[in-house]
Amino acid sequence: MEELKSAIPKTLILSISQSNPHNLPNTCSSLHDFFNQLPQFHQMVEDLAHMETSLFLKTKKSALEFKLKGNNCFSNGDNSNALRFYTQALRAAPRDADDKGRSLVATLYVNRAAVLQKMGLLVECLHDCKRALAISRSYSKAWFRRGKANISMGNYDDAVCDLKVSLCTEQSLSGKRQIEGELKLILDHHNGKDFPPDVAKRNESDIHDQPQQIQLQCVSTEMKGRGMVSLTDVPQATLLHTEEPYAAVVSKHCRETHCHFCFNELPADIVPCHSCSLAMYCSQLCQIHAIGKHLQYTKNHELGVDLSSDLEKYVESVTKASVDGGLVEQIGEHKHECGVNWPAALPTEIVLAGRVIMKSIAQHRCFDKSSPIVNLELCHNYVQLSAEAKLELHISSIILLHCLHHRYSSDVPLNGETISQCALLLSQINVNSMAIVRMRSSDSISPLSSAGNHTTNTVEQVRVGQAIYLAGSLFNHSCQPNIHTYFLSRTLYIRTTDFVVAGHPLELSYGPQVGQWSCKERQSALKEQYAFVCSCTSCSQLNLSDLVINSFRCLDPNCSGVVLDSSVVNYEKQKVNPFRCGLPLQVDKLEHDEVKRVASLLCTETGSAHQIEPGFCLSCGAYRNLEASNAAIERAEICIRRWEDSLDSGKVPSNMLSNALRSLDVLKSTLHPYNKKVAEAEDYLAQAFCAIGELQRACHHCQSSIKVNLTMLYTDRTRQAIVRFCGFLLKILEKLYGKDNIVIGNELVKLASIQLSFGDPAVEQTINMINSIFSQHYGSHVSIMFPHLKFLKRSL
Ligand SMILES: C[S@@+](CC[C@H](N)C(=O)[O-])C[C@H]1O[C@@H](n2cnc3c(N)ncnc32)[C@H](O)[C@@H]1O
């Protein structure tokens, strides 16, 4: 790519840097003409798009190599490596490969089923047997393995049928004897009695939480363009909207861990793509959805023996396709990517653009539209892009369309018009695509095992995919959102986090939120990532969080005033400028005395008793030397981090702990009590104490960290619970205002896991609070989103 870029003439680079959506077809066409005469460009396309150069082609040779490694591990009792090698063999095995007169894929499924059974993964074992039997009905070993798994699960009726079919299809005498032995055993012991299996279901569609009949409307505003409102009042925690993506793609770093269709974590019995070794799915259903049609195996499909009519029906029910072909979208989103290098080599957003284009081309075929690339009617930021970004879009669009053209020639015309449509699509993806995230609970285990391996349970978000939701793209951003999004499989869910009155904008956070970042940090992140200046309420009106999040405390210990540095002063002054963005001054609406006082000081520069200068206390005017304070803070933070690092290495010098605690005191005496750095330092110490098994002290620091976070973000409902839980918080909470935030829930998960480990009875209240906060955000989906909550509750 860099080589291509450096070959482009300066004049062409200049015209690309000045391009806009109107003249884009010309600049795209010129760059395309230029690339077309470069041999290195054609070489690059060949490497990316030709099957012959693919790194993801299946080969029988490599499948057999992996199979052999799997067999060796299995015989040595190394089940986890056997599982890994059989899975690799399945990824590498061509669909039609034969191994000793039987389908290689079917053999590998049965081998893997044996490992899964040994590992106690019985549901997965049954899946693999069924997959083998769907390919080869007369595969006696697959019926036998299925029978054994059904016995372990208490499904004796099925087990008897499995073993009977296995017996009929088995050729060898010794094999027949073994099966007869098993059959006799269950018939004697259980007399054919069936017990209901306790099979965990993976299917999320069982959960009913339908969006209520809330009528949403798209309205336009001068500052934010289109946005969504509700025509009626909406209560808190209402499910407003659900939507399937127009197109979605798995994140690169999750390709080996998450299903490429539904983005759930891959189970032990993954299903590889039929035709390439890259894509992996959690089930056959996801595989079929991704490919777009149900591939039938034809080989070895006759049973070749006579069975009773009951057994015949049984065989039919086990081996028939479990997927309703009618439900499967015919436009397989992976089909055009299968078996070539570019989907793995190009960035995720370009692969996503490829999926949008191929879907729109398929629709184009159906509806005979004039342009093959559909206009998604989404906003884009092409005009605001830097010269470098515009050039990247030109190059990426040409490469992507060449890759698609290679396989679908006339469907994907290569000209200035289609390339410019692709460039605009990429800039729409920049602005509108959503990261599909999953919550993951991680247990950080102490490096100092002598202390008893205590764990701290934390919740983190993993970006598992990237997707375009057409209606979901119409929700604007607010740094203090009143709705939030989450995903089950690839379905987008939008729920209110507040009561929202009719006609009020429904806004989610694109990332930055009040309480977590300062106004300056939020504004620059949004500018950098989405190229807009945020005009949400929090960025245009004063709020306490923005005033204190990075502030210092007054030098006078008896004064609770705030000391701001120059960047905060400048930002907060801009907010209250009534002429900025044409917004009215909102100070009257501020509910809290403390904020009002600070705000009025900021607003009335002249005539104020004290100068609004960096370093001066806004309440009493006392001066703090910010340069010296910053240096002290930096030293304290380094010292605390050093203690944490020494824990990782397992060597803890004796004076480290007292130094870290002294450093925390420095932070507390220099920074405002609600400064984010104080919370972070408390959190750090909580984790470190937890790691060395000092759980009471860990709990104390965890509570202090939560206290700071809670003061920044809370709601009435959580306040009641918090007050019950920790009376001393009331005084602080009463002074403050904020908004319900999932951050509190995540902090409480950490606290609960520490409390559990030393049997603190207060843990019950903590878990109830977690439940209440999470339910407000996720309704009845809370147990799917946070499965670890069940374990916390069970531990009580
Ligand atoms: C995903 S789109 C939202 C829908 C968009 N307003 C439209 O008209 O299609 C994101 C774009 O909306 C605008 N936007 C969203 N939130 C905003 C905010 N808080 N302040 C200013 N502009 C905003 C920006 O132009 C941003 O790039």
# chains A, B, ... in the order shown; residues from 1 in each chain; ligands from 1
$ residues_near_ligand --ligand "ligand 1" --cutoff "6 Å" --atoms "only C-alpha atoms and all ligand atoms" --output "ChimeraX atom specification"
/A:223-227,378-379,431-432,473-478,530,532-536
$ residues_around --residues "Ile638 (chain A)" --least-positions-apart "5" --cutoff "10 Å" --atoms "only C-alpha atoms" --output "CSV table (one decimal) with C-alpha atoms, in the first residue's frame"
chain,number,residue,atom,x,y,z
A,633,ILE,CA,0.9,14.1,41.7
A,643,TRP,CA,4.0,-1.1,43.9
A,644,GLU,CA,1.4,-2.7,41.5
A,660,ALA,CA,2.1,3.7,48.1
A,663,SER,CA,1.4,8.7,47.9
$ residues_around --residues "Leu167 (chain A)" --least-positions-apart "4" --cutoff "9 Å" --atoms "only C-alpha atoms" --output "list of chain:residue names"
A:Ser140, A:Trp143, A:Phe144, A:Asp162, A:Leu163, A:Gln171, A:Gly175, A:Lys176, A:Arg177, A:Ile179, A:Glu180
$ residues_around --residues "region 51-56 of chain A" --least-positions-apart "3" --cutoff "6 Å" --atoms "only C-alpha atoms" --output "number ranges by chain"
A: 47, 276-278, 339-341
$ atom_distance --atom1 "CA of Asp760 (chain A)" --atom2 "CA of Lys790 (chain A)"
18.3 Å
$ residues_around --residues "Glu507 (chain A)" --least-positions-apart "2" --cutoff "12 Å" --atoms "only C-alpha atoms" --output "number ranges by chain"
A: 224, 226-230, 240, 472-485, 494-498, 500, 503-505, 509-511, 513, 535-537
$ select_by_dssp --residues "region 343-555 of chain A" --states "strand (DSSP E or B)" --output "PyMOL selection string"
chain A and resi 434-445+455-468+477+483-488+491-496+500+505-506+508+514+517+552-553
$ write_last_selection --atoms "C-alpha atoms" --output "CSV table (one decimal), in the first residue's frame"
chain,number,residue,atom,x,y,z
A,434,MET,CA,-21.4,0.4,15.5
A,435,ALA,CA,-19.0,-1.8,17.4
A,436,ILE,CA,-20.8,-4.9,18.5
A,437,VAL,CA,-19.7,-5.5,22.1
A,438,ARG,CA,-19.9,-8.3,24.6
A,439,MET,CA,-19.5,-8.1,28.3
A,440,ARG,CA,-16.8,-10.3,29.7
A,441,SER,CA,-16.2,-11.0,33.3
A,442,SER,CA,-12.5,-11.5,34.0
A,443,ASP,CA,-11.0,-12.9,37.1
A,444,SER,CA,-7.6,-11.5,37.9
A,445,ILE,CA,-5.9,-14.2,40.0
A,455,THR,CA,-9.8,-13.2,42.7
A,456,THR,CA,-11.2,-9.8,41.8
A,457,ASN,CA,-14.1,-10.1,39.4
A,458,THR,CA,-14.2,-7.3,36.8
A,459,VAL,CA,-16.4,-6.6,33.9
A,460,GLU,CA,-14.9,-5.5,30.6
A,461,GLN,CA,-16.3,-4.9,27.1
A,462,VAL,CA,-14.9,-6.7,24.1
A,463,ARG,CA,-15.5,-5.4,20.6
A,464,VAL,CA,-16.4,-8.5,18.8
A,465,GLY,CA,-17.7,-7.1,15.5
A,466,GLN,CA,-18.5,-4.0,13.4
A,467,ALA,CA,-21.9,-3.5,11.9
A,468,ILE,CA,-24.2,-1.1,10.1
A,477,HIS,CA,-24.8,11.3,20.6
A,483,ILE,CA,-30.7,5.6,26.1
A,484,HIS,CA,-28.1,2.8,25.7
A,485,THR,CA,-27.4,0.1,23.3
A,486,TYR,CA,-26.4,-3.5,23.7
A,487,PHE,CA,-26.3,-6.6,21.5
A,488,LEU,CA,-27.6,-10.2,21.7
A,491,THR,CA,-29.3,-7.9,17.1
A,492,LEU,CA,-29.1,-4.3,18.3
A,493,TYR,CA,-31.2,-3.4,21.4
A,494,ILE,CA,-31.9,0.1,22.5
A,495,ARG,CA,-33.3,0.8,25.9
A,496,THR,CA,-34.0,4.0,27.9
A,500,VAL,CA,-37.8,10.6,28.6
A,505,PRO,CA,-34.2,13.8,21.8
A,506,LEU,CA,-33.3,10.1,22.4
A,508,LEU,CA,-26.9,7.5,23.1
A,514,VAL,CA,-19.7,12.8,31.6
A,517,TRP,CA,-13.9,12.1,30.8
A,552,PHE,CA,-7.4,20.4,42.7
A,553,ARG,CA,-8.6,21.1,46.2
$ atom_distance --atom1 "CA of Gly745 (chain A)" --atom2 "CA of Asn768 (chain A)"
10.4 Å
$ residues_around --residues "Glu256 (chain A)" --least-positions-apart "6" --cutoff "9 Å" --atoms "only C-alpha atoms" --output "PyMOL selection string"
chain A and resi 266+278-280
$ write_last_selection --atoms "N, CA and C atoms" --output "mmCIF file, in the first residue's frame"
data_model
loop_
_atom_site.group_PDB
_atom_site.id
_atom_site.type_symbol
_atom_site.label_atom_id
_atom_site.label_comp_id
_atom_site.auth_asym_id
_atom_site.auth_seq_id
_atom_site.Cartn_x
_atom_site.Cartn_y
_atom_site.Cartn_z
ATOM 1 N N LEU A 266 -17.013 -18.764 20.548
ATOM 2 C CA LEU A 266 -17.046 -20.075 19.900
ATOM 3 C C LEU A 266 -17.066 -21.179 20.952
ATOM 4 N N LEU A 278 -10.694 -20.032 6.936
ATOM 5 C CA LEU A 278 -10.685 -18.819 7.767
ATOM 6 C C LEU A 278 -11.925 -18.729 8.666
ATOM 7 N N ALA A 279 -13.115 -18.824 8.055
ATOM 8 C CA ALA A 279 -14.339 -18.536 8.810
ATOM 9 C C ALA A 279 -14.728 -19.702 9.726
ATOM 10 N N MET A 280 -15.232 -19.340 10.931
ATOM 11 C CA MET A 280 -15.664 -20.368 11.897
ATOM 12 C C MET A 280 -16.984 -19.935 12.511
#
$ atom_distance --atom1 "CA of Leu187 (chain A)" --atom2 "CA of Ala159 (chain A)"
10.1 Å
$ closest_residue --among "A:Gln516, A:Ser566, A:Asn76, A:Thr59" --to "Ala679 (chain A)" --atoms "only C-alpha atoms"
A:Gln516
$ closest_residue --among "A:Ser152, A:Ser396, A:Asn570, A:Gln236" --to "Trp342 (chain A)" --atoms "only C-alpha atoms"
A:Ser396
$ residues_around --residues "Gly70 (chain A)" --least-positions-apart "4" --cutoff "6 Å" --atoms "only C-alpha atoms" --output "PDB file with C-alpha atoms, in the first residue's frame"
ATOM      1  CA  ALA A  82      -6.458 -33.399  20.725  1.00  0.00           C
ATOM      2  CA  PHE A  85      -5.790 -30.462  16.445  1.00  0.00           C
ATOM      3  CA  TYR A  86      -9.059 -32.108  15.365  1.00  0.00           C
TER       4      TYR A  86
END
$ closest_residue --among "A:Lys5, A:Ala268, A:Arg355, A:Ser646" --to "Leu393 (chain A)" --atoms "only C-alpha atoms"
A:Lys5
$ closest_residue --among "A:Val678, A:Ile214, A:Leu547, A:Ala93" --to "Lys58 (chain A)" --atoms "only C-alpha atoms"
A:Ala93
$ closest_residue --among "A:Phe34, A:Pro235, A:His402, A:His241" --to "Gln215 (chain A)" --atoms "only C-alpha atoms"
A:His241
$ select_by_dssp --residues "region 77-132 of chain A" --states "helix (DSSP H, G or I)" --output "number ranges by chain"
A: 79-92, 104-118, 122-132
$ decode --residues "region 496-571 of chain A" --atoms "C-alpha atoms" --output "PDB file, in the first residue's frame"
ATOM      1  CA  THR A 496     -33.985   4.014  27.871  1.00  0.00           C
ATOM      2  CA  THR A 497     -31.855   4.656  30.949  1.00  0.00           C
ATOM      3  CA  ASP A 498     -34.079   7.540  32.120  1.00  0.00           C
ATOM      4  CA  PHE A 499     -37.662   8.653  31.940  1.00  0.00           C
ATOM      5  CA  VAL A 500     -37.822  10.567  28.633  1.00  0.00           C
ATOM      6  CA  VAL A 501     -40.624  13.007  27.918  1.00  0.00           C
ATOM      7  CA  ALA A 502     -42.336  13.025  24.523  1.00  0.00           C
ATOM      8  CA  GLY A 503     -40.425  14.979  21.888  1.00  0.00           C
ATOM      9  CA  HIS A 504     -37.157  15.040  23.872  1.00  0.00           C
ATOM     10  CA  PRO A 505     -34.168  13.781  21.835  1.00  0.00           C
ATOM     11  CA  LEU A 506     -33.334  10.124  22.412  1.00  0.00           C
ATOM     12  CA  GLU A 507     -29.536  10.102  22.472  1.00  0.00           C
ATOM     13  CA  LEU A 508     -26.927   7.458  23.142  1.00  0.00           C
ATOM     14  CA  SER A 509     -23.240   7.809  23.864  1.00  0.00           C
ATOM     15  CA  TYR A 510     -20.815   7.114  21.014  1.00  0.00           C
ATOM     16  CA  GLY A 511     -18.172   6.543  23.699  1.00  0.00           C
ATOM     17  CA  PRO A 512     -17.306   9.609  25.749  1.00  0.00           C
ATOM     18  CA  GLN A 513     -19.477  10.196  28.822  1.00  0.00           C
ATOM     19  CA  VAL A 514     -19.711  12.760  31.574  1.00  0.00           C
ATOM     20  CA  GLY A 515     -18.123  11.474  34.760  1.00  0.00           C
ATOM     21  CA  GLN A 516     -15.581   9.388  32.935  1.00  0.00           C
ATOM     22  CA  TRP A 517     -13.876  12.060  30.842  1.00  0.00           C
ATOM     23  CA  SER A 518     -13.521  15.828  31.059  1.00  0.00           C
ATOM     24  CA  CYS A 519     -15.317  18.024  28.554  1.00  0.00           C
ATOM     25  CA  LYS A 520     -12.065  18.673  26.708  1.00  0.00           C
ATOM     26  CA  GLU A 521     -11.262  14.946  26.422  1.00  0.00           C
ATOM     27  CA  ARG A 522     -14.780  14.175  25.220  1.00  0.00           C
ATOM     28  CA  GLN A 523     -14.790  16.913  22.620  1.00  0.00           C
ATOM     29  CA  SER A 524     -11.440  15.961  21.167  1.00  0.00           C
ATOM     30  CA  ALA A 525     -12.310  12.233  21.030  1.00  0.00           C
ATOM     31  CA  LEU A 526     -15.552  12.944  19.153  1.00  0.00           C
ATOM     32  CA  LYS A 527     -13.801  15.370  16.814  1.00  0.00           C
ATOM     33  CA  GLU A 528     -11.068  12.894  16.047  1.00  0.00           C
ATOM     34  CA  GLN A 529     -13.272   9.845  15.568  1.00  0.00           C
ATOM     35  CA  TYR A 530     -16.472  11.287  14.132  1.00  0.00           C
ATOM     36  CA  ALA A 531     -15.372  14.759  12.936  1.00  0.00           C
ATOM     37  CA  PHE A 532     -18.101  16.714  14.752  1.00  0.00           C
ATOM     38  CA  VAL A 533     -18.130  19.263  17.536  1.00  0.00           C
ATOM     39  CA  CYS A 534     -20.419  17.873  20.206  1.00  0.00           C
ATOM     40  CA  SER A 535     -23.307  20.174  21.034  1.00  0.00           C
ATOM     41  CA  CYS A 536     -24.967  17.953  23.636  1.00  0.00           C
ATOM     42  CA  THR A 537     -26.296  19.507  26.835  1.00  0.00           C
ATOM     43  CA  SER A 538     -23.280  18.497  28.924  1.00  0.00           C
ATOM     44  CA  CYS A 539     -20.863  20.071  26.477  1.00  0.00           C
ATOM     45  CA  SER A 540     -22.847  23.308  26.300  1.00  0.00           C
ATOM     46  CA  GLN A 541     -24.034  23.759  29.903  1.00  0.00           C
ATOM     47  CA  LEU A 542     -22.220  23.630  33.226  1.00  0.00           C
ATOM     48  CA  ASN A 543     -22.221  20.434  35.188  1.00  0.00           C
ATOM     49  CA  LEU A 544     -20.481  19.550  38.418  1.00  0.00           C
ATOM     50  CA  SER A 545     -18.659  16.537  37.051  1.00  0.00           C
ATOM     51  CA  ASP A 546     -16.826  18.563  34.410  1.00  0.00           C
ATOM     52  CA  LEU A 547     -15.802  21.110  37.032  1.00  0.00           C
ATOM     53  CA  VAL A 548     -14.330  18.635  39.491  1.00  0.00           C
ATOM     54  CA  ILE A 549     -13.137  15.659  37.470  1.00  0.00           C
ATOM     55  CA  ASN A 550      -9.637  17.074  36.937  1.00  0.00           C
ATOM     56  CA  SER A 551      -9.614  19.757  39.621  1.00  0.00           C
ATOM     57  CA  PHE A 552      -7.444  20.442  42.676  1.00  0.00           C
ATOM     58  CA  ARG A 553      -8.564  21.099  46.215  1.00  0.00           C
ATOM     59  CA  CYS A 554      -8.162  24.419  47.959  1.00  0.00           C
ATOM     60  CA  LEU A 555      -4.967  24.896  49.992  1.00  0.00           C
ATOM     61  CA  ASP A 556      -7.086  25.850  52.984  1.00  0.00           C
ATOM     62  CA  PRO A 557      -8.190  22.542  54.592  1.00  0.00           C
ATOM     63  CA  ASN A 558     -11.354  24.230  55.905  1.00  0.00           C
ATOM     64  CA  CYS A 559     -12.448  25.363  52.442  1.00  0.00           C
ATOM     65  CA  SER A 560     -14.245  22.910  50.118  1.00  0.00           C
ATOM     66  CA  GLY A 561     -13.578  25.103  47.061  1.00  0.00           C
ATOM     67  CA  VAL A 562     -12.394  23.959  43.671  1.00  0.00           C
ATOM     68  CA  VAL A 563      -9.156  24.981  41.948  1.00  0.00           C
ATOM     69  CA  LEU A 564      -9.121  24.635  38.158  1.00  0.00           C
ATOM     70  CA  ASP A 565      -6.275  24.585  35.678  1.00  0.00           C
ATOM     71  CA  SER A 566      -6.240  26.785  32.589  1.00  0.00           C
ATOM     72  CA  SER A 567      -7.667  24.251  30.111  1.00  0.00           C
ATOM     73  CA  VAL A 568     -10.691  23.519  32.309  1.00  0.00           C
ATOM     74  CA  VAL A 569     -11.316  27.218  32.945  1.00  0.00           C
ATOM     75  CA  ASN A 570     -11.233  27.923  29.211  1.00  0.00           C
ATOM     76  CA  TYR A 571     -13.657  25.105  28.409  1.00  0.00           C
TER      77      TYR A 571
END
